[in-house]
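Next up, entry.cif (mmCIF, C-alpha atoms):
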data_upload
#
loop_
_atom_site.label_atom_id
_atom_site.label_comp_id
_atom_site.auth_asym_id
_atom_site.auth_seq_id
_atom_site.Cartn_x
_atom_site.Cartn_y
_atom_site.Cartn_z
CA MET A 467 108.08 -56.35 -58.79
CA ASN A 468 104.71 -55.62 -57.20
CA SER A 469 101.71 -55.55 -59.49
CA LEU A 470 99.49 -52.52 -59.73
CA HIS A 471 96.85 -54.43 -57.78
CA ASP A 472 99.26 -55.17 -54.90
CA ILE A 473 100.48 -51.59 -54.89
CA SER A 474 96.99 -50.16 -54.82
CA ARG A 475 96.02 -52.33 -51.84
CA ARG A 476 98.91 -50.90 -49.85
CA TYR A 477 97.70 -47.36 -50.50
CA GLN A 478 93.94 -47.82 -50.51
CA LYS A 479 93.65 -45.88 -47.23
CA LEU A 480 94.88 -42.65 -48.75
CA PRO A 481 92.13 -40.02 -48.18
CA CYS A 482 92.47 -38.55 -51.66
CA LEU A 483 91.72 -41.93 -53.26
CA ARG A 484 88.68 -43.04 -51.31
CA SER A 485 86.06 -41.50 -53.55
CA PRO A 486 85.89 -41.82 -57.33
CA GLY A 487 86.32 -38.49 -59.03
CA TRP A 488 84.35 -37.35 -62.06
CA PHE A 489 87.20 -37.77 -64.45
CA HIS A 490 88.18 -40.70 -66.64
CA LEU A 491 91.52 -42.48 -66.50
CA ASN A 492 92.34 -45.15 -69.03
CA LEU A 493 95.25 -47.61 -68.99
CA GLY A 494 96.35 -48.71 -72.42
CA ASP A 495 96.88 -47.08 -75.76
CA GLU A 496 93.29 -46.37 -76.82
CA SER A 497 91.12 -43.44 -75.83
CA ILE A 498 87.34 -43.52 -75.59
CA TYR A 499 85.75 -43.08 -79.01
CA GLY A 500 89.11 -42.07 -80.45
CA ARG A 501 89.35 -38.86 -78.43
CA ARG A 502 92.79 -37.28 -78.06
CA ILE A 503 94.61 -38.32 -74.92
CA SER A 504 97.46 -36.86 -72.89
CA GLN A 505 100.12 -39.26 -71.60
CA LEU A 506 101.94 -38.81 -68.31
CA ALA A 507 104.98 -40.98 -67.62
CA ILE A 508 104.87 -42.24 -64.05
CA GLY A 509 108.25 -43.60 -62.95
CA ASN A 510 109.68 -46.15 -65.34
CA ASN A 511 106.93 -48.72 -65.45
CA VAL A 512 103.53 -47.03 -65.58
CA MET A 513 101.96 -44.87 -68.28
CA LEU A 514 98.86 -42.94 -67.32
CA ASN A 515 96.55 -41.78 -70.11
CA VAL A 516 94.23 -38.88 -69.35
CA VAL A 517 91.27 -38.75 -71.69
CA THR A 518 90.46 -35.16 -72.53
CA ASP A 519 86.84 -35.84 -73.47
CA VAL A 520 85.14 -36.89 -70.25
CA ARG A 521 81.54 -36.98 -71.38
CA ASN A 522 81.41 -40.79 -71.55
CA PHE A 523 83.05 -43.10 -69.07
CA PRO A 524 82.05 -46.38 -67.37
CA LEU A 525 81.68 -45.76 -63.64
CA GLU A 526 81.60 -49.50 -63.01
CA SER A 527 85.18 -49.74 -64.27
CA PHE A 528 86.55 -47.18 -61.86
CA GLY A 529 88.35 -49.84 -59.83
CA ARG A 530 90.77 -50.32 -62.69
CA TYR A 531 91.48 -46.63 -62.82
CA PHE A 532 91.81 -46.47 -59.05
CA GLU A 533 94.83 -48.75 -59.34
CA ALA A 534 96.43 -46.37 -61.80
CA VAL A 535 95.90 -43.43 -59.47
CA SER A 536 97.38 -45.42 -56.59
CA ALA A 537 100.47 -46.27 -58.62
CA PHE A 538 100.69 -42.63 -59.60
CA VAL A 539 100.82 -41.51 -55.96
CA ILE A 540 103.43 -43.95 -54.72
CA ASN A 541 105.85 -43.49 -57.63
CA ASN A 542 106.39 -39.78 -57.26
CA LYS A 543 104.68 -37.25 -55.00
CA THR A 544 105.60 -34.35 -57.26
CA ALA A 545 104.21 -36.19 -60.26
CA CYS A 546 101.07 -36.85 -58.25
CA ILE A 547 100.50 -33.17 -57.62
CA TYR A 548 101.22 -32.33 -61.26
CA GLY A 549 99.00 -35.11 -62.56
CA VAL A 550 96.07 -34.17 -60.33
CA GLY A 551 96.47 -30.59 -61.52
CA VAL A 552 96.30 -31.73 -65.13
CA ILE A 553 93.20 -33.79 -64.39
CA VAL A 554 91.45 -30.91 -62.64
CA LEU A 555 92.25 -28.44 -65.41
CA THR A 556 91.21 -30.91 -68.10
CA THR A 557 87.96 -31.65 -66.29
CA CYS A 558 87.14 -27.97 -65.89
CA SER A 559 87.92 -27.19 -69.53
CA TYR A 560 85.86 -30.00 -71.01
CA THR A 561 82.98 -30.31 -68.57
CA LEU A 562 82.33 -27.30 -66.34
CA LEU A 563 83.22 -24.83 -69.08
CA ARG A 564 81.64 -26.77 -71.93
CA ASP A 565 78.22 -25.24 -71.46
CA ILE A 566 79.71 -21.78 -71.09
CA ARG A 567 81.66 -22.23 -74.32
CA LYS A 568 78.47 -23.24 -76.11
CA ARG A 569 76.70 -20.12 -74.86
CA ILE A 570 79.61 -17.91 -75.89
CA PHE A 571 79.59 -19.48 -79.36
CA VAL A 572 75.88 -18.72 -79.69
CA TRP A 573 76.53 -15.09 -78.71
CA VAL A 574 79.38 -14.78 -81.22
CA SER A 575 77.23 -16.33 -83.96
CA SER A 576 74.43 -13.88 -83.22
CA LYS A 577 76.88 -11.01 -83.82
CA SER A 578 78.31 -12.45 -87.04
CA ASP A 579 76.69 -9.72 -89.12
CA LYS A 580 79.17 -7.31 -87.53
CA ILE A 581 82.22 -9.03 -89.03
CA ARG A 582 81.04 -9.17 -92.65
CA ASP A 583 79.22 -7.12 -95.24
CA GLU A 584 75.79 -8.54 -94.48
CA LYS A 585 74.10 -7.16 -97.61
CA LYS A 586 76.64 -8.85 -99.86
CA TYR A 587 76.62 -12.01 -97.75
CA GLU A 588 72.86 -12.24 -98.22
CA GLN A 589 73.60 -12.83 -101.91
CA PHE A 590 75.54 -15.92 -100.86
CA ARG A 591 72.51 -17.18 -98.94
CA LEU A 592 70.19 -16.46 -101.88
CA LYS A 593 72.51 -18.42 -104.16
CA LEU A 594 72.45 -21.28 -101.63
CA VAL A 595 68.65 -21.58 -101.44
CA ALA A 596 67.85 -20.68 -105.09
CA PRO A 597 67.33 -24.35 -106.15
CA LEU A 598 64.49 -24.73 -103.61
CA LYS A 599 62.15 -22.81 -105.91
CA SER A 600 62.21 -25.53 -108.56
CA ILE A 601 61.72 -28.52 -106.24
CA VAL A 602 58.47 -30.48 -106.43
CA SER A 603 57.72 -32.47 -103.29
CA HIS A 604 57.55 -36.28 -103.31
CA ASP A 605 54.94 -36.11 -100.55
CA PRO A 606 51.51 -36.20 -102.26
CA ALA A 607 49.91 -33.99 -99.62
CA LEU A 608 52.65 -31.36 -99.83
CA ARG A 609 52.71 -31.58 -103.61
CA LYS A 610 49.00 -30.84 -103.70
CA GLU A 611 49.66 -27.73 -101.56
CA LYS A 612 52.68 -26.85 -103.73
CA ASN A 613 54.89 -27.01 -100.63
CA ILE A 614 58.10 -28.89 -99.82
CA ARG A 615 59.77 -30.34 -96.74
CA ILE A 616 63.24 -29.00 -95.84
CA LEU A 617 65.69 -30.35 -93.30
CA GLU A 618 68.33 -27.88 -92.11
CA ILE A 619 71.31 -29.28 -90.24
CA GLY A 620 72.95 -26.76 -87.93
CA VAL A 621 70.21 -24.15 -88.06
CA GLY A 622 72.17 -21.90 -85.69
CA CYS A 623 70.53 -18.49 -85.28
CA GLY A 624 68.16 -19.21 -88.17
CA ASP A 625 69.68 -16.87 -90.75
CA ASN A 626 68.41 -18.99 -93.66
CA LEU A 627 64.79 -19.20 -92.53
CA LYS A 628 63.62 -15.97 -94.16
CA HIS A 629 64.81 -17.23 -97.55
CA TYR A 630 62.79 -20.45 -97.56
CA PRO A 631 59.71 -20.73 -99.81
CA ASP A 632 56.35 -19.74 -98.36
CA GLY A 633 54.56 -22.69 -96.81
CA ALA A 634 57.71 -24.82 -96.52
CA HIS A 635 57.65 -27.51 -93.83
CA LEU A 636 60.84 -27.50 -91.74
CA VAL A 637 62.73 -30.07 -89.73
CA LEU A 638 65.55 -28.37 -87.81
CA VAL A 639 68.60 -30.13 -86.34
CA ASP A 640 71.28 -28.53 -84.15
CA PRO A 641 73.47 -29.98 -81.38
CA ASN A 642 73.60 -26.69 -79.45
CA PRO A 643 70.35 -26.19 -77.48
CA HIS A 644 71.18 -22.55 -76.75
CA PHE A 645 70.49 -21.55 -80.36
CA LYS A 646 66.80 -22.28 -79.86
CA GLN A 647 65.96 -18.87 -78.37
CA HIS A 648 67.31 -17.22 -81.52
CA PHE A 649 65.77 -19.27 -84.29
CA THR A 650 62.40 -19.67 -82.53
CA LYS A 651 62.02 -15.87 -82.56
CA LYS A 652 62.51 -15.89 -86.32
CA LEU A 653 60.10 -18.79 -86.72
CA THR A 654 57.49 -16.95 -84.66
CA GLY A 655 57.90 -13.87 -86.80
CA ASN A 656 57.56 -15.83 -90.05
CA LEU A 657 54.06 -17.30 -90.18
CA LYS A 658 54.57 -18.53 -93.76
CA ILE A 659 56.86 -21.35 -92.60
CA ASN A 660 55.64 -24.51 -90.89
CA PRO A 661 58.15 -25.98 -88.39
CA GLU A 662 57.46 -29.68 -87.98
CA ASP A 663 60.23 -30.77 -85.64
CA ILE A 664 63.21 -29.34 -83.74
CA ILE A 665 65.85 -31.93 -82.91
CA VAL A 666 68.82 -31.36 -80.62
CA SER A 667 71.36 -33.67 -82.22
CA LYS A 668 74.53 -33.81 -84.25
CA GLY A 669 74.14 -34.31 -87.96
CA GLU A 670 75.92 -37.64 -87.65
CA ASP A 671 73.31 -38.92 -85.17
CA MET A 672 69.98 -37.72 -86.60
CA ASP A 673 68.62 -41.27 -86.91
CA VAL A 674 65.26 -40.04 -85.62
CA VAL A 675 64.61 -38.39 -89.01
CA PRO A 676 62.83 -40.98 -91.21
CA SER A 677 64.54 -42.21 -94.36
CA GLU A 678 63.47 -40.63 -97.68
CA SER A 679 61.30 -38.08 -95.86
CA VAL A 680 62.62 -34.66 -96.96
CA ASP A 681 62.81 -32.98 -100.35
CA ALA A 682 65.91 -30.91 -99.54
CA VAL A 683 68.68 -30.76 -96.97
CA VAL A 684 70.41 -27.45 -96.28
CA VAL A 685 73.71 -26.90 -94.46
CA SER A 686 75.60 -23.62 -94.14
CA LEU A 687 78.84 -23.23 -92.20
CA VAL A 688 78.28 -26.60 -90.53
CA LEU A 689 80.51 -29.24 -92.14
CA CYS A 690 83.57 -27.36 -90.88
CA SER A 691 82.79 -28.43 -87.33
CA VAL A 692 81.24 -31.89 -87.57
CA THR A 693 83.25 -34.85 -86.31
CA ASP A 694 82.69 -37.06 -89.35
CA VAL A 695 81.77 -35.37 -92.65
CA SER A 696 81.28 -38.69 -94.46
CA LYS A 697 78.81 -39.90 -91.84
CA VAL A 698 76.82 -36.68 -92.11
CA LEU A 699 76.68 -37.12 -95.89
CA ARG A 700 75.43 -40.68 -95.48
CA GLN A 701 72.67 -39.36 -93.22
CA VAL A 702 71.84 -36.68 -95.80
CA LYS A 703 71.48 -39.29 -98.55
CA ARG A 704 69.39 -41.48 -96.28
CA VAL A 705 66.80 -38.81 -95.43
CA LEU A 706 66.54 -37.35 -98.95
CA VAL A 707 63.84 -38.59 -101.30
CA PRO A 708 65.00 -39.83 -104.72
CA GLY A 709 65.96 -36.77 -106.72
CA GLY A 710 66.15 -34.66 -103.54
CA LYS A 711 68.60 -31.78 -103.27
CA PHE A 712 71.48 -31.30 -100.86
CA LEU A 713 72.35 -27.59 -100.69
CA PHE A 714 75.59 -26.56 -99.01
CA MET A 715 77.61 -23.43 -98.26
CA GLU A 716 80.85 -23.84 -96.32
CA HIS A 717 84.03 -21.96 -95.62
CA VAL A 718 87.01 -23.99 -96.84
CA HIS A 719 90.77 -24.29 -96.95
CA GLU A 720 92.28 -21.55 -99.14
CA TRP A 721 92.58 -22.89 -102.70
CA ASP A 722 94.60 -20.07 -104.27
CA THR A 723 98.03 -20.94 -102.89
CA LYS A 724 99.73 -18.52 -105.25
CA THR A 725 97.91 -15.38 -104.18
CA TYR A 726 96.85 -16.27 -100.63
CA ARG A 727 99.51 -18.72 -99.50
CA ALA A 728 99.88 -16.93 -96.15
CA ARG A 729 96.16 -17.35 -95.41
CA ARG A 730 96.36 -21.07 -96.17
CA ILE A 731 99.30 -21.44 -93.76
CA ILE A 732 97.49 -19.47 -91.03
CA GLN A 733 94.38 -21.63 -91.48
CA SER A 734 96.46 -24.77 -90.96
CA LEU A 735 98.33 -23.35 -87.96
CA LEU A 736 95.15 -22.24 -86.18
CA THR A 737 93.65 -25.69 -86.80
CA VAL A 738 96.64 -27.86 -85.93
CA THR A 739 97.29 -25.95 -82.71
CA ARG A 740 93.58 -26.42 -81.86
CA ILE A 741 93.21 -22.71 -81.13
CA TRP A 742 90.40 -22.10 -83.62
CA PRO A 743 88.51 -25.35 -82.91
CA PHE A 744 88.62 -24.60 -79.18
CA LEU A 745 87.28 -21.08 -79.59
CA PHE A 746 84.61 -21.90 -82.18
CA GLU A 747 83.10 -25.24 -81.19
CA GLY A 748 85.32 -27.54 -83.24
CA CYS A 749 85.50 -25.40 -86.39
CA ILE A 750 88.22 -26.69 -88.76
CA LEU A 751 89.67 -23.99 -91.00
CA ASN A 752 91.73 -26.23 -93.28
CA ARG A 753 88.86 -28.51 -94.32
CA ASP A 754 87.27 -28.71 -97.77
CA PRO A 755 84.18 -30.95 -97.84
CA LEU A 756 83.65 -30.75 -101.62
CA PRO A 757 85.83 -33.79 -102.49
CA LEU A 758 83.91 -35.86 -99.93
CA ILE A 759 80.59 -34.62 -101.32
CA ARG A 760 81.67 -35.59 -104.85
CA ALA A 761 82.67 -39.04 -103.57
CA ALA A 762 79.48 -39.59 -101.54
CA GLY A 763 77.52 -41.12 -104.43
CA PHE A 764 75.22 -38.27 -105.46
CA SER A 765 74.02 -38.47 -109.05
CA GLN A 766 75.11 -34.90 -109.74
CA VAL A 767 77.19 -32.29 -107.90
CA LYS A 768 77.53 -28.65 -108.93
CA ALA A 769 79.67 -26.23 -106.92
CA GLU A 770 81.78 -23.10 -107.15
CA TYR A 771 84.42 -21.47 -104.98
CA LEU A 772 83.86 -17.85 -103.94
CA TYR A 773 85.28 -15.35 -101.46
CA ALA A 774 82.84 -14.16 -98.82
CA PRO A 775 82.76 -10.40 -98.00
CA ILE A 776 84.42 -10.57 -94.58
CA LEU A 777 85.14 -7.14 -93.07
CA CYS A 778 87.03 -8.08 -89.91
CA THR A 779 90.69 -8.87 -90.68
CA VAL A 780 90.91 -11.62 -88.04
CA PHE A 781 88.00 -13.50 -89.61
CA LYS A 782 89.26 -13.25 -93.19
CA VAL A 783 90.74 -16.70 -92.61
CA GLY A 784 87.15 -17.88 -93.19
CA SER A 785 86.63 -15.92 -96.39
CA PRO A 786 87.15 -18.80 -98.89
CA HIS A 787 83.75 -20.44 -99.45
CA VAL A 788 82.22 -23.18 -101.53
CA ILE A 789 78.54 -23.08 -102.54
CA GLY A 790 76.78 -25.87 -104.36
CA GLU A 791 74.05 -28.45 -104.74
CA ALA A 792 74.06 -32.22 -104.98
CA THR A 793 71.22 -34.35 -106.30
CA LYS A 794 70.46 -37.79 -104.88
#
The structure in this file should be written as C-alpha cells.
Amino acid sequence: MNSLHDISRRYQKLPCLRSPGWFHLNLGDESIYGRRISQLAIGNNVMLNVVTDVRNFPLESFGRYFEAVSAFVINNKTACIYGVGVIVLTTCSYTLLRDIRKRIFVWVSSKSDKIRDEKKYEQFRLKLVAPLKSIVSHDPALRKEKNIRILEIGVGCGDNLKHYPDGAHLVLVDPNPHFKQHFTKKLTGNLKINPEDIIVSKGEDMDVVPSESVDAVVVSLVLCSVTDVSKVLRQVKRVLVPGGKFLFMEHVHEWDTKTYRARRIIQSLLTVTRIWPFLFEGCILNRDPLPLIRAAGFSQVKAEYLYAPILCTVFKVGSPHVIGEATK
C-alpha cells in the first residue's frame, strides 16, 4: 500500500493543492488546544480531522496537512468536493464571520435593557456592588484619599460603572474590543471615576495585571462564557490583595427542578446543541459557577440565588441568577 507521502507526490501537480489555504488540517486524534473537531472518513484508510477553531495553526507544518489533502482528493472525488465545502464553510463561520459576530453581540448587549425590567434589574446591580462601600484600600496612597482600586472583568457596555464609589480607580478587562465605544462614553460622562487601564484580554489571560494590586474584582454575566472558570478564579485570587473582595452576579442553570423543570431542560438543550453559545459568544446556559467559587480557596463565600426580572419570554432561560461575594 502506498504511503501518504508517496500518494501526495503523485498528485502534487493538482492546481487546487499548489497553494496552502488559510485553514488548518490535523492528522491524529487531538485538536489544537482541545478545540472540537469534525472527522471525515476518507476511503477506508485515512481519517481527516478538520479543526473548527482556526485562529492558531503552524504554517510551517502545512506540508503534513498537504499530504492529507492529497490523499483526500485521490480517494474519492465526491468526498473531495464535500470536504472542501466543509472546510470553506467552517473557515467562513469561525474566521470571516467572527468579527461580525462580535459586533452583533455588542449591539445585542447594548439593547439588553429592552428584554428586562431595567428598574428592577438595577436593584440586582446595587446588591452586587454594595460591599464596595465598606472596603478600605491596601494601597497607602488610595487609602489616604479614601479611594479603592477595582478590576472589572468583562466590562461590556459599562452598566456597572455608574454604581462604583466616587473616586474609584478602575482597571477594565474585556476580550471584545468593540465594547470600548460604549463603556468609554460612560467613563467620559462620569468624571468621579478614574480609569487606570483598559485591557483587551480574556479573564483567563490577564497576566498583565500585577499580583495583589486590586481591592475588589467585579464580574457580572461573564463566567457563563469564559473557557475555563477555574483559571479565571485563580487569576482573581492572584490579583486581589489579602482580604480583597470578589463580587459576582451570574445567570445559572435552573435550580428549582420541581417548578421549572422545563426551563432547565431547555437550558441544557440550547447549550448542548451549541445554538446559544454560537449566538451569544460562548454563553453557557447550564453552568453554575458557585460550586467552583466555593472550591477556589476563598476564606469566605456568601451567595444567594434569585430570579432576574426578564420580560422577553425567549430570554427567560437566563432568569435564574446567583449574586454573591467572596473574600480572599
- Query: How many Å separate CA of Lys586 (chain A) from CA of Leu638 (chain A)?
  - Reply: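 It comes out at 25.5 Å.
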- Query: When you draw a straight line from CA of His717 (chain A) to CA of Ser600 (chain A), how long is it in Å?
  - Reply: 25.6 Å
- Counting all atoms listed in the file, the residue of A:Thr650, A:Ser603, A:Thr693, A:Ser785 that sits nearest Gln733 (chain A): A:Ser785
- Message: So the first atom is CA of Gly709 (chain A) and the second is CA of Tyr587 (chain A); what is the distance between them in Å, to one decimal place?
- Response: 28.4 Å
- Task: Fewer than 4 positions away in the same chain doesn't count, so skip those; otherwise give me all residues within 12 Å of His648 (chain A), counting all atoms listed in the file, as a list in words.
- Result: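 So the residues in contact are Arg569, Val572, Trp573, Ser575, Ser576, Lys577, Val621, Gly622, Cys623, Gly624, Asp625, Leu627, Asn642, Pro643, His644, Lys652, Leu653, Thr654 and Gly655 of chain A.
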